[in-house]
Amino acid sequence: MRFHLSDSGTLSLREPMDFKRLDVLIDPQPPEAVERAIRRIGQRESDTHVRLAPSVLRFVSGHAGEPEWEEGFARMLDYAQRNGWVDEQGQVRAHISHGDQEEVVSIAEFKTALRALPAGICAVSTGQGDQVAGMIVSSLTAVCAEPPMIGFFAHRQSSFTAPLLESGRFAANVLGEGHDAVMAQFLQAPQGLARFSDERWHSENGQAPVLADALASMECDVVWTQELGTHVLVVGKVRRSRNSPSNPVVHFNAATHRIAA
């Protein structure tokens, strides 16, 4: 088995049917990202070894409950126990190996390419009362219709992310023509109530603020998050939605554009 801690922030178990070895492959990445990933799967023992929780291995394997896999996994744990590689907390010792640096495009090249992708613009809101927060996103996407879910990305260090994760709810408000002032407030005003001074924002029954004349507003519960690189993927289940007639706008080449009829 090889636990892979990728530089994109994902965790995966390679070769889950190989019970003759157990190590952790770490892609080149900032030290703080490495330590954060290790804490998600167990704990660091030294520069060369980590301790892994068997429950995490079982969960990530994708084979938990299968008789053949469970038998092999039990044999592996028993062998580790007899060799003194299991501590008092039941965590298994695993060797650390380091992956090679992969070739990827530069940040500048990546941003240039993405500027060529037109995208809708949303004002995403969360919280309630004095604890509201908002952010403009152009990454909103449909996840599936059964059940109805949407997703978007927020930077881990954004002033919006912590309030969102604490609230567990958000509203995605699709912007169109006539929402220049709303967009300017979200981009320029300090985080909090100042971003919601436009009278078109309203909140009901402790829900996140909703923009009354948004092309579409979708009120959601957060059902899944995943750290990927510098950002967090947020997926929400849509509980309520409403629509208003208006003309859409798109984000393209670092600017906002109207769509010609």
# chains A, B, ... in the order shown; residues from 1 in each chain; ligands from 1
>>> residues_around(residues="Glu45 of chain A", least_positions_apart="4", cutoff="10 Å", atoms="only C-alpha atoms", output="list in words")
His49, Val50, Arg51, Leu52, Arg93, Ala94 and His95 of chain A
>>> residues_around(residues="Ala53 of chain A", least_positions_apart="3", cutoff="6 Å", atoms="only C-alpha atoms", output="count of residues only")
3
>>> closest_residue(among="A:Glu15, A:Glu88, A:Asp23, A:Asp130", to="Gln191 of chain A", atoms="only C-alpha atoms")
A:Asp130
>>> atom_distance(atom1="atom CA of Ser138 of chain A", atom2="atom CA of Ile121 of chain A")
4.8 Å
>>> residues_around(residues="segment 209-214 of chain A", least_positions_apart="4", cutoff="12 Å", atoms="only C-alpha atoms", output="PDB file with N, CA and C atoms, in the first residue's frame")
ATOM      1  N   ILE A 121     -21.219  35.114 -13.358  1.00  0.00           N
ATOM      2  CA  ILE A 121     -20.747  35.788 -12.150  1.00  0.00           C
ATOM      3  C   ILE A 121     -21.802  35.651 -11.062  1.00  0.00           C
ATOM      4  N   CYS A 122     -21.370  35.266  -9.876  1.00  0.00           N
ATOM      5  CA  CYS A 122     -22.279  35.087  -8.742  1.00  0.00           C
ATOM      6  C   CYS A 122     -21.770  35.830  -7.523  1.00  0.00           C
ATOM      7  N   ALA A 123     -22.701  36.370  -6.770  1.00  0.00           N
ATOM      8  CA  ALA A 123     -22.402  36.901  -5.445  1.00  0.00           C
ATOM      9  C   ALA A 123     -22.845  35.828  -4.452  1.00  0.00           C
ATOM     10  N   VAL A 124     -21.882  35.187  -3.812  1.00  0.00           N
ATOM     11  CA  VAL A 124     -22.193  34.126  -2.859  1.00  0.00           C
ATOM     12  C   VAL A 124     -22.214  34.722  -1.462  1.00  0.00           C
ATOM     13  N   SER A 125     -23.279  34.467  -0.723  1.00  0.00           N
ATOM     14  CA  SER A 125     -23.456  35.034   0.616  1.00  0.00           C
ATOM     15  C   SER A 125     -23.572  33.921   1.639  1.00  0.00           C
ATOM     16  N   THR A 126     -23.213  34.254   2.892  1.00  0.00           N
ATOM     17  CA  THR A 126     -23.330  33.288   3.979  1.00  0.00           C
ATOM     18  C   THR A 126     -23.517  34.030   5.283  1.00  0.00           C
ATOM     19  N   GLY A 127     -23.884  33.309   6.341  1.00  0.00           N
ATOM     20  CA  GLY A 127     -24.054  33.907   7.656  1.00  0.00           C
ATOM     21  C   GLY A 127     -25.382  34.621   7.795  1.00  0.00           C
ATOM     22  N   GLN A 128     -25.554  35.285   8.921  1.00  0.00           N
ATOM     23  CA  GLN A 128     -26.794  36.007   9.193  1.00  0.00           C
ATOM     24  C   GLN A 128     -26.519  37.121  10.196  1.00  0.00           C
ATOM     25  N   GLY A 129     -27.426  38.083  10.269  1.00  0.00           N
ATOM     26  CA  GLY A 129     -27.264  39.184  11.204  1.00  0.00           C
ATOM     27  C   GLY A 129     -25.991  39.968  10.969  1.00  0.00           C
ATOM     28  N   ASP A 130     -25.248  40.204  12.044  1.00  0.00           N
ATOM     29  CA  ASP A 130     -23.985  40.938  11.934  1.00  0.00           C
ATOM     30  C   ASP A 130     -22.841  40.062  11.433  1.00  0.00           C
ATOM     31  N   GLN A 131     -23.090  38.775  11.259  1.00  0.00           N
ATOM     32  CA  GLN A 131     -22.030  37.842  10.885  1.00  0.00           C
ATOM     33  C   GLN A 131     -22.080  37.439   9.410  1.00  0.00           C
ATOM     34  N   VAL A 132     -22.692  38.268   8.581  1.00  0.00           N
ATOM     35  CA  VAL A 132     -22.781  37.938   7.161  1.00  0.00           C
ATOM     36  C   VAL A 132     -21.427  38.131   6.476  1.00  0.00           C
ATOM     37  N   ALA A 133     -21.240  37.419   5.382  1.00  0.00           N
ATOM     38  CA  ALA A 133     -20.029  37.538   4.575  1.00  0.00           C
ATOM     39  C   ALA A 133     -20.396  37.253   3.129  1.00  0.00           C
ATOM     40  N   GLY A 134     -19.629  37.803   2.202  1.00  0.00           N
ATOM     41  CA  GLY A 134     -19.935  37.603   0.794  1.00  0.00           C
ATOM     42  C   GLY A 134     -18.690  37.596  -0.071  1.00  0.00           C
ATOM     43  N   ARG A 169     -24.007  27.100   5.495  1.00  0.00           N
ATOM     44  CA  ARG A 169     -25.045  27.443   4.521  1.00  0.00           C
ATOM     45  C   ARG A 169     -24.548  28.581   3.638  1.00  0.00           C
ATOM     46  N   PHE A 170     -25.092  28.656   2.430  1.00  0.00           N
ATOM     47  CA  PHE A 170     -24.769  29.786   1.564  1.00  0.00           C
ATOM     48  C   PHE A 170     -25.891  29.976   0.552  1.00  0.00           C
ATOM     49  N   ALA A 171     -25.900  31.148  -0.068  1.00  0.00           N
ATOM     50  CA  ALA A 171     -26.818  31.433  -1.170  1.00  0.00           C
ATOM     51  C   ALA A 171     -25.984  31.903  -2.350  1.00  0.00           C
ATOM     52  N   ALA A 172     -26.184  31.284  -3.505  1.00  0.00           N
ATOM     53  CA  ALA A 172     -25.501  31.679  -4.738  1.00  0.00           C
ATOM     54  C   ALA A 172     -26.457  32.549  -5.544  1.00  0.00           C
ATOM     55  N   ASN A 173     -26.100  33.808  -5.745  1.00  0.00           N
ATOM     56  CA  ASN A 173     -26.946  34.780  -6.422  1.00  0.00           C
ATOM     57  C   ASN A 173     -26.331  35.139  -7.767  1.00  0.00           C
ATOM     58  N   VAL A 174     -26.963  34.716  -8.848  1.00  0.00           N
ATOM     59  CA  VAL A 174     -26.424  34.942 -10.193  1.00  0.00           C
ATOM     60  C   VAL A 174     -26.665  36.397 -10.592  1.00  0.00           C
ATOM     61  N   LEU A 175     -25.598  37.101 -10.968  1.00  0.00           N
ATOM     62  CA  LEU A 175     -25.694  38.516 -11.298  1.00  0.00           C
ATOM     63  C   LEU A 175     -25.912  38.735 -12.790  1.00  0.00           C
ATOM     64  N   GLY A 176     -26.530  39.866 -13.095  1.00  0.00           N
ATOM     65  CA  GLY A 176     -26.770  40.239 -14.485  1.00  0.00           C
ATOM     66  C   GLY A 176     -26.654  41.746 -14.651  1.00  0.00           C
ATOM     67  N   GLU A 177     -27.203  42.256 -15.734  1.00  0.00           N
ATOM     68  CA  GLU A 177     -27.202  43.696 -15.956  1.00  0.00           C
ATOM     69  C   GLU A 177     -27.970  44.383 -14.823  1.00  0.00           C
ATOM     70  N   GLY A 178     -27.484  45.508 -14.387  1.00  0.00           N
ATOM     71  CA  GLY A 178     -28.119  46.212 -13.288  1.00  0.00           C
ATOM     72  C   GLY A 178     -27.548  45.863 -11.934  1.00  0.00           C
ATOM     73  N   HIS A 179     -26.538  44.998 -11.895  1.00  0.00           N
ATOM     74  CA  HIS A 179     -25.943  44.597 -10.625  1.00  0.00           C
ATOM     75  C   HIS A 179     -24.522  45.122 -10.467  1.00  0.00           C
ATOM     76  N   ASP A 180     -24.167  46.166 -11.214  1.00  0.00           N
ATOM     77  CA  ASP A 180     -22.816  46.719 -11.108  1.00  0.00           C
ATOM     78  C   ASP A 180     -22.521  47.181  -9.681  1.00  0.00           C
ATOM     79  N   VAL A 182     -23.851  46.117  -6.871  1.00  0.00           N
ATOM     80  CA  VAL A 182     -23.712  44.951  -5.996  1.00  0.00           C
ATOM     81  C   VAL A 182     -22.314  44.361  -6.131  1.00  0.00           C
ATOM     82  N   MET A 183     -21.858  44.225  -7.375  1.00  0.00           N
ATOM     83  CA  MET A 183     -20.535  43.663  -7.611  1.00  0.00           C
ATOM     84  C   MET A 183     -19.447  44.561  -7.022  1.00  0.00           C
ATOM     85  N   GLY A 192     -18.228  41.737   5.513  1.00  0.00           N
ATOM     86  CA  GLY A 192     -19.248  41.906   6.529  1.00  0.00           C
ATOM     87  C   GLY A 192     -20.438  42.694   6.031  1.00  0.00           C
ATOM     88  N   LEU A 193     -21.111  43.374   6.939  1.00  0.00           N
ATOM     89  CA  LEU A 193     -22.346  44.089   6.617  1.00  0.00           C
ATOM     90  C   LEU A 193     -22.169  45.113   5.507  1.00  0.00           C
ATOM     91  N   ARG A 195     -20.839  44.961   2.751  1.00  0.00           N
ATOM     92  CA  ARG A 195     -21.045  44.401   1.415  1.00  0.00           C
ATOM     93  C   ARG A 195     -22.535  44.199   1.095  1.00  0.00           C
ATOM     94  N   PHE A 196     -23.380  44.372   2.087  1.00  0.00           N
ATOM     95  CA  PHE A 196     -24.808  44.108   1.895  1.00  0.00           C
ATOM     96  C   PHE A 196     -25.661  45.355   2.129  1.00  0.00           C
ATOM     97  N   SER A 197     -25.073  46.533   1.898  1.00  0.00           N
ATOM     98  CA  SER A 197     -25.815  47.771   2.153  1.00  0.00           C
ATOM     99  C   SER A 197     -26.872  48.057   1.085  1.00  0.00           C
ATOM    100  N   ASP A 198     -26.773  47.410  -0.086  1.00  0.00           N
ATOM    101  CA  ASP A 198     -27.789  47.590  -1.119  1.00  0.00           C
ATOM    102  C   ASP A 198     -29.127  47.075  -0.595  1.00  0.00           C
ATOM    103  N   GLU A 199     -30.169  47.852  -0.774  1.00  0.00           N
ATOM    104  CA  GLU A 199     -31.480  47.514  -0.213  1.00  0.00           C
ATOM    105  C   GLU A 199     -32.111  46.265  -0.827  1.00  0.00           C
ATOM    106  N   ARG A 200     -31.529  45.764  -1.909  1.00  0.00           N
ATOM    107  CA  ARG A 200     -32.089  44.573  -2.544  1.00  0.00           C
ATOM    108  C   ARG A 200     -31.738  43.278  -1.802  1.00  0.00           C
ATOM    109  N   TRP A 201     -30.811  43.350  -0.853  1.00  0.00           N
ATOM    110  CA  TRP A 201     -30.472  42.164  -0.064  1.00  0.00           C
ATOM    111  C   TRP A 201     -31.483  41.974   1.062  1.00  0.00           C
ATOM    112  N   HIS A 202     -31.913  40.752   1.265  1.00  0.00           N
ATOM    113  CA  HIS A 202     -32.791  40.454   2.390  1.00  0.00           C
ATOM    114  C   HIS A 202     -32.531  39.042   2.894  1.00  0.00           C
ATOM    115  N   SER A 203     -32.880  38.792   4.146  1.00  0.00           N
ATOM    116  CA  SER A 203     -32.648  37.481   4.756  1.00  0.00           C
ATOM    117  C   SER A 203     -33.904  37.050   5.491  1.00  0.00           C
ATOM    118  N   GLU A 204     -34.221  35.770   5.405  1.00  0.00           N
ATOM    119  CA  GLU A 204     -35.416  35.237   6.045  1.00  0.00           C
ATOM    120  C   GLU A 204     -35.077  33.999   6.862  1.00  0.00           C
ATOM    121  N   ASN A 205     -35.680  33.910   8.039  1.00  0.00           N
ATOM    122  CA  ASN A 205     -35.599  32.701   8.875  1.00  0.00           C
ATOM    123  C   ASN A 205     -34.161  32.242   9.123  1.00  0.00           C
ATOM    124  N   MET A 218     -29.959  30.551  -5.296  1.00  0.00           N
ATOM    125  CA  MET A 218     -30.053  29.173  -4.825  1.00  0.00           C
ATOM    126  C   MET A 218     -29.538  29.107  -3.393  1.00  0.00           C
ATOM    127  N   GLU A 219     -30.430  28.779  -2.461  1.00  0.00           N
ATOM    128  CA  GLU A 219     -30.072  28.672  -1.051  1.00  0.00           C
ATOM    129  C   GLU A 219     -29.672  27.226  -0.765  1.00  0.00           C
ATOM    130  N   CYS A 220     -28.485  27.067  -0.185  1.00  0.00           N
ATOM    131  CA  CYS A 220     -27.888  25.732  -0.084  1.00  0.00           C
ATOM    132  C   CYS A 220     -27.361  25.423   1.305  1.00  0.00           C
ATOM    133  N   ARG A 240     -33.721  25.792  -1.747  1.00  0.00           N
ATOM    134  CA  ARG A 240     -34.706  26.693  -2.345  1.00  0.00           C
ATOM    135  C   ARG A 240     -34.058  27.450  -3.482  1.00  0.00           C
ATOM    136  N   SER A 241     -34.858  27.806  -4.493  1.00  0.00           N
ATOM    137  CA  SER A 241     -34.352  28.629  -5.595  1.00  0.00           C
ATOM    138  C   SER A 241     -35.461  29.552  -6.077  1.00  0.00           C
ATOM    139  N   ARG A 242     -35.047  30.658  -6.673  1.00  0.00           N
ATOM    140  CA  ARG A 242     -36.000  31.594  -7.271  1.00  0.00           C
ATOM    141  C   ARG A 242     -35.310  32.272  -8.440  1.00  0.00           C
ATOM    142  N   ASN A 243     -36.085  32.768  -9.388  1.00  0.00           N
ATOM    143  CA  ASN A 243     -35.543  33.390 -10.592  1.00  0.00           C
ATOM    144  C   ASN A 243     -36.202  34.740 -10.837  1.00  0.00           C
ATOM    145  N   SER A 244     -35.480  35.642 -11.513  1.00  0.00           N
ATOM    146  CA  SER A 244     -36.003  36.949 -11.917  1.00  0.00           C
ATOM    147  C   SER A 244     -35.598  37.200 -13.354  1.00  0.00           C
ATOM    148  N   PRO A 245     -36.453  37.817 -14.157  1.00  0.00           N
ATOM    149  CA  PRO A 245     -36.098  38.106 -15.544  1.00  0.00           C
ATOM    150  C   PRO A 245     -35.053  39.217 -15.616  1.00  0.00           C
ATOM    151  N   SER A 246     -33.969  38.964 -16.332  1.00  0.00           N
ATOM    152  CA  SER A 246     -32.913  39.951 -16.514  1.00  0.00           C
ATOM    153  C   SER A 246     -31.961  39.440 -17.574  1.00  0.00           C
ATOM    154  N   ASN A 247     -31.001  40.262 -17.950  1.00  0.00           N
ATOM    155  CA  ASN A 247     -30.007  39.873 -18.943  1.00  0.00           C
ATOM    156  C   ASN A 247     -28.708  39.493 -18.243  1.00  0.00           C
ATOM    157  N   PRO A 248     -28.093  38.392 -18.627  1.00  0.00           N
ATOM    158  CA  PRO A 248     -26.879  37.921 -17.941  1.00  0.00           C
ATOM    159  C   PRO A 248     -25.638  38.722 -18.332  1.00  0.00           C
ATOM    160  N   VAL A 249     -24.607  38.567 -17.525  1.00  0.00           N
ATOM    161  CA  VAL A 249     -23.281  39.093 -17.843  1.00  0.00           C
ATOM    162  C   VAL A 249     -22.290  37.955 -17.647  1.00  0.00           C
TER     163      VAL A 249
END
>>> residues_around(residues="segment 143-154 of chain A", least_positions_apart="3", cutoff="8 Å", atoms="only C-alpha atoms", output="list in words")
Val137, Ser139, Leu140, Ser158, Phe160, Thr161, His231, Val232, Leu233, Val234, Val235, Gly236, Lys237 and Val238 of chain A
>>> write_last_selection(atoms="N, CA and C atoms", output="JSON list (two decimals), in the first residue's frame")
[["chain", "number", "residue", "atom", "x", "y", "z"],
["A", 137, "VAL", "N", -17.78, 35.09, -7.18],
["A", 137, "VAL", "CA", -17.15, 33.92, -7.77],
["A", 137, "VAL", "C", -17.57, 33.78, -9.23],
["A", 139, "SER", "N", -16.68, 30.68, -10.54],
["A", 139, "SER", "CA", -16.43, 29.24, -10.63],
["A", 139, "SER", "C", -17.64, 28.40, -10.31],
["A", 140, "LEU", "N", -18.81, 29.02, -10.15],
["A", 140, "LEU", "CA", -20.01, 28.24, -9.80],
["A", 140, "LEU", "C", -20.33, 27.24, -10.90],
["A", 158, "SER", "N", -9.22, 33.25, 2.24],
["A", 158, "SER", "CA", -10.21, 34.29, 1.98],
["A", 158, "SER", "C", -10.97, 34.63, 3.27],
["A", 160, "PHE", "N", -13.89, 35.14, 3.43],
["A", 160, "PHE", "CA", -15.22, 34.54, 3.27],
["A", 160, "PHE", "C", -15.25, 33.08, 3.74],
["A", 161, "THR", "N", -14.12, 32.39, 3.63],
["A", 161, "THR", "CA", -14.12, 30.94, 3.81],
["A", 161, "THR", "C", -14.45, 30.50, 5.23],
["A", 231, "HIS", "N", -7.08, 26.30, -2.62],
["A", 231, "HIS", "CA", -8.51, 26.56, -2.52],
["A", 231, "HIS", "C", -9.28, 25.41, -1.85],
["A", 232, "VAL", "N", -10.52, 25.72, -1.51],
["A", 232, "VAL", "CA", -11.44, 24.72, -0.96],
["A", 232, "VAL", "C", -12.62, 24.58, -1.92],
["A", 233, "LEU", "N", -12.86, 23.36, -2.36],
["A", 233, "LEU", "CA", -14.06, 23.09, -3.16],
["A", 233, "LEU", "C", -15.23, 22.93, -2.20],
["A", 234, "VAL", "N", -16.28, 23.72, -2.44],
["A", 234, "VAL", "CA", -17.47, 23.71, -1.59],
["A", 234, "VAL", "C", -18.65, 23.21, -2.42],
["A", 235, "VAL", "N", -19.32, 22.17, -1.95],
["A", 235, "VAL", "CA", -20.51, 21.64, -2.63],
["A", 235, "VAL", "C", -21.71, 21.83, -1.72],
["A", 236, "GLY", "N", -22.78, 22.37, -2.28],
["A", 236, "GLY", "CA", -23.99, 22.60, -1.51],
["A", 236, "GLY", "C", -25.21, 21.95, -2.13],
["A", 237, "LYS", "N", -26.11, 21.46, -1.27],
["A", 237, "LYS", "CA", -27.39, 20.92, -1.74],
["A", 237, "LYS", "C", -28.41, 22.05, -1.77],
["A", 238, "VAL", "N", -29.06, 22.23, -2.91],
["A", 238, "VAL", "CA", -29.97, 23.36, -3.10],
["A", 238, "VAL", "C", -31.31, 23.06, -2.43]]
>>> closest_residue(among="A:Ile136, A:Ile26, A:Ala116, A:Val60", to="Leu187 of chain A", atoms="only C-alpha atoms")
A:Ile136
>>> select_by_dssp(residues="segment 102-147 of chain A", states="helix (DSSP H, G or I)", output="PyMOL selection string")
chain A and resi 107-114+129-131
>>> write_last_selection(atoms="all heavy atoms", output="PDB file, in the first residue's frame")
ATOM      1  N   ILE A 107       2.203  29.923 -13.338  1.00  0.00           N
ATOM      2  CA  ILE A 107       0.983  30.586 -12.887  1.00  0.00           C
ATOM      3  C   ILE A 107       0.515  31.588 -13.932  1.00  0.00           C
ATOM      4  O   ILE A 107      -0.683  31.701 -14.213  1.00  0.00           O
ATOM      5  CB  ILE A 107       1.215  31.274 -11.531  1.00  0.00           C
ATOM      6  CG1 ILE A 107       1.492  30.223 -10.453  1.00  0.00           C
ATOM      7  CG2 ILE A 107       0.023  32.137 -11.149  1.00  0.00           C
ATOM      8  CD1 ILE A 107       1.829  30.806  -9.101  1.00  0.00           C
ATOM      9  N   ALA A 108       1.449  32.317 -14.522  1.00  0.00           N
ATOM     10  CA  ALA A 108       1.089  33.315 -15.536  1.00  0.00           C
ATOM     11  C   ALA A 108       0.448  32.653 -16.753  1.00  0.00           C
ATOM     12  O   ALA A 108      -0.562  33.139 -17.285  1.00  0.00           O
ATOM     13  CB  ALA A 108       2.324  34.101 -15.958  1.00  0.00           C
ATOM     14  N   GLU A 109       1.018  31.518 -17.207  1.00  0.00           N
ATOM     15  CA  GLU A 109       0.451  30.808 -18.348  1.00  0.00           C
ATOM     16  C   GLU A 109      -0.946  30.278 -18.019  1.00  0.00           C
ATOM     17  O   GLU A 109      -1.851  30.323 -18.848  1.00  0.00           O
ATOM     18  CB  GLU A 109       1.369  29.654 -18.748  1.00  0.00           C
ATOM     19  CG  GLU A 109       2.686  30.094 -19.356  1.00  0.00           C
ATOM     20  CD  GLU A 109       3.628  28.922 -19.557  1.00  0.00           C
ATOM     21  OE1 GLU A 109       3.694  28.046 -18.661  1.00  0.00           O
ATOM     22  OE2 GLU A 109       4.304  28.879 -20.609  1.00  0.00           O
ATOM     23  N   PHE A 110      -1.089  29.771 -16.798  1.00  0.00           N
ATOM     24  CA  PHE A 110      -2.379  29.229 -16.370  1.00  0.00           C
ATOM     25  C   PHE A 110      -3.451  30.322 -16.368  1.00  0.00           C
ATOM     26  O   PHE A 110      -4.555  30.142 -16.892  1.00  0.00           O
ATOM     27  CB  PHE A 110      -2.236  28.619 -14.981  1.00  0.00           C
ATOM     28  CG  PHE A 110      -3.515  28.110 -14.388  1.00  0.00           C
ATOM     29  CD1 PHE A 110      -4.097  26.946 -14.849  1.00  0.00           C
ATOM     30  CD2 PHE A 110      -4.138  28.795 -13.355  1.00  0.00           C
ATOM     31  CE1 PHE A 110      -5.283  26.474 -14.310  1.00  0.00           C
ATOM     32  CE2 PHE A 110      -5.317  28.339 -12.801  1.00  0.00           C
ATOM     33  CZ  PHE A 110      -5.888  27.168 -13.283  1.00  0.00           C
ATOM     34  N   LYS A 111      -3.130  31.478 -15.797  1.00  0.00           N
ATOM     35  CA  LYS A 111      -4.107  32.567 -15.731  1.00  0.00           C
ATOM     36  C   LYS A 111      -4.450  33.084 -17.122  1.00  0.00           C
ATOM     37  O   LYS A 111      -5.618  33.425 -17.392  1.00  0.00           O
ATOM     38  CB  LYS A 111      -3.566  33.694 -14.857  1.00  0.00           C
ATOM     39  CG  LYS A 111      -3.529  33.349 -13.369  1.00  0.00           C
ATOM     40  CD  LYS A 111      -3.073  34.529 -12.539  1.00  0.00           C
ATOM     41  CE  LYS A 111      -3.130  34.211 -11.053  1.00  0.00           C
ATOM     42  NZ  LYS A 111      -2.676  35.363 -10.226  1.00  0.00           N
ATOM     43  N   THR A 112      -3.465  33.141 -18.015  1.00  0.00           N
ATOM     44  CA  THR A 112      -3.727  33.586 -19.386  1.00  0.00           C
ATOM     45  C   THR A 112      -4.711  32.654 -20.079  1.00  0.00           C
ATOM     46  O   THR A 112      -5.641  33.090 -20.769  1.00  0.00           O
ATOM     47  CB  THR A 112      -2.417  33.660 -20.182  1.00  0.00           C
ATOM     48  OG1 THR A 112      -1.556  34.636 -19.587  1.00  0.00           O
ATOM     49  CG2 THR A 112      -2.679  34.056 -21.625  1.00  0.00           C
ATOM     50  N   ALA A 113      -4.515  31.353 -19.886  1.00  0.00           N
ATOM     51  CA  ALA A 113      -5.412  30.376 -20.499  1.00  0.00           C
ATOM     52  C   ALA A 113      -6.828  30.501 -19.943  1.00  0.00           C
ATOM     53  O   ALA A 113      -7.817  30.462 -20.686  1.00  0.00           O
ATOM     54  CB  ALA A 113      -4.878  28.961 -20.281  1.00  0.00           C
ATOM     55  N   LEU A 114      -6.954  30.661 -18.626  1.00  0.00           N
ATOM     56  CA  LEU A 114      -8.285  30.725 -18.003  1.00  0.00           C
ATOM     57  C   LEU A 114      -9.030  32.009 -18.344  1.00  0.00           C
ATOM     58  O   LEU A 114     -10.267  32.041 -18.297  1.00  0.00           O
ATOM     59  CB  LEU A 114      -8.164  30.571 -16.495  1.00  0.00           C
ATOM     60  CG  LEU A 114      -8.328  29.144 -15.939  1.00  0.00           C
ATOM     61  CD1 LEU A 114      -9.761  28.667 -16.136  1.00  0.00           C
ATOM     62  CD2 LEU A 114      -7.374  28.163 -16.617  1.00  0.00           C
ATOM     63  N   GLY A 129     -27.426  38.083  10.269  1.00  0.00           N
ATOM     64  CA  GLY A 129     -27.264  39.184  11.204  1.00  0.00           C
ATOM     65  C   GLY A 129     -25.991  39.968  10.969  1.00  0.00           C
ATOM     66  O   GLY A 129     -25.670  40.335   9.832  1.00  0.00           O
ATOM     67  N   ASP A 130     -25.248  40.204  12.044  1.00  0.00           N
ATOM     68  CA  ASP A 130     -23.985  40.938  11.934  1.00  0.00           C
ATOM     69  C   ASP A 130     -22.841  40.062  11.433  1.00  0.00           C
ATOM     70  O   ASP A 130     -21.727  40.557  11.224  1.00  0.00           O
ATOM     71  CB  ASP A 130     -23.602  41.528  13.296  1.00  0.00           C
ATOM     72  CG  ASP A 130     -24.590  42.580  13.770  1.00  0.00           C
ATOM     73  OD1 ASP A 130     -25.314  43.134  12.917  1.00  0.00           O
ATOM     74  OD2 ASP A 130     -24.643  42.832  14.986  1.00  0.00           O
ATOM     75  N   GLN A 131     -23.090  38.775  11.259  1.00  0.00           N
ATOM     76  CA  GLN A 131     -22.030  37.842  10.885  1.00  0.00           C
ATOM     77  C   GLN A 131     -22.080  37.439   9.410  1.00  0.00           C
ATOM     78  O   GLN A 131     -21.567  36.382   9.032  1.00  0.00           O
ATOM     79  CB  GLN A 131     -22.115  36.585  11.757  1.00  0.00           C
ATOM     80  CG  GLN A 131     -22.079  36.863  13.247  1.00  0.00           C
ATOM     81  CD  GLN A 131     -20.822  37.597  13.668  1.00  0.00           C
ATOM     82  OE1 GLN A 131     -19.720  37.237  13.255  1.00  0.00           O
ATOM     83  NE2 GLN A 131     -20.971  38.638  14.485  1.00  0.00           N
TER      84      GLN A 131
END
>>> atom_distance(atom1="atom CA of Gly120 of chain A", atom2="atom CA of Phe252 of chain A")
9.1 Å
>>> residues_around(residues="segment 72-85 of chain A", least_positions_apart="6", cutoff="8 Å", atoms="only C-alpha atoms", output="ChimeraX atom specification")
/A:17,19-20,92-93
>>> select_by_dssp(residues="segment 60-159 of chain A", states="strand (DSSP E or B)", output="ChimeraX atom specification")
/A:86,92-98,119-120,122-126,133-137,141-145,148-155
>>> residues_around(residues="segment 11-14 of chain A", least_positions_apart="5", cutoff="12 Å", atoms="only C-alpha atoms", output="ChimeraX atom specification")
/A:1-6,19,21-27,34,36-41,56-63,226-229
>>> closest_residue(among="A:Pro118, A:Pro67, A:Gly9, A:Pro28", to="Thr230 of chain A", atoms="only C-alpha atoms")
A:Gly9
>>> atom_distance(atom1="atom CA of Gln157 of chain A", atom2="atom CA of Met135 of chain A")
12.6 Å
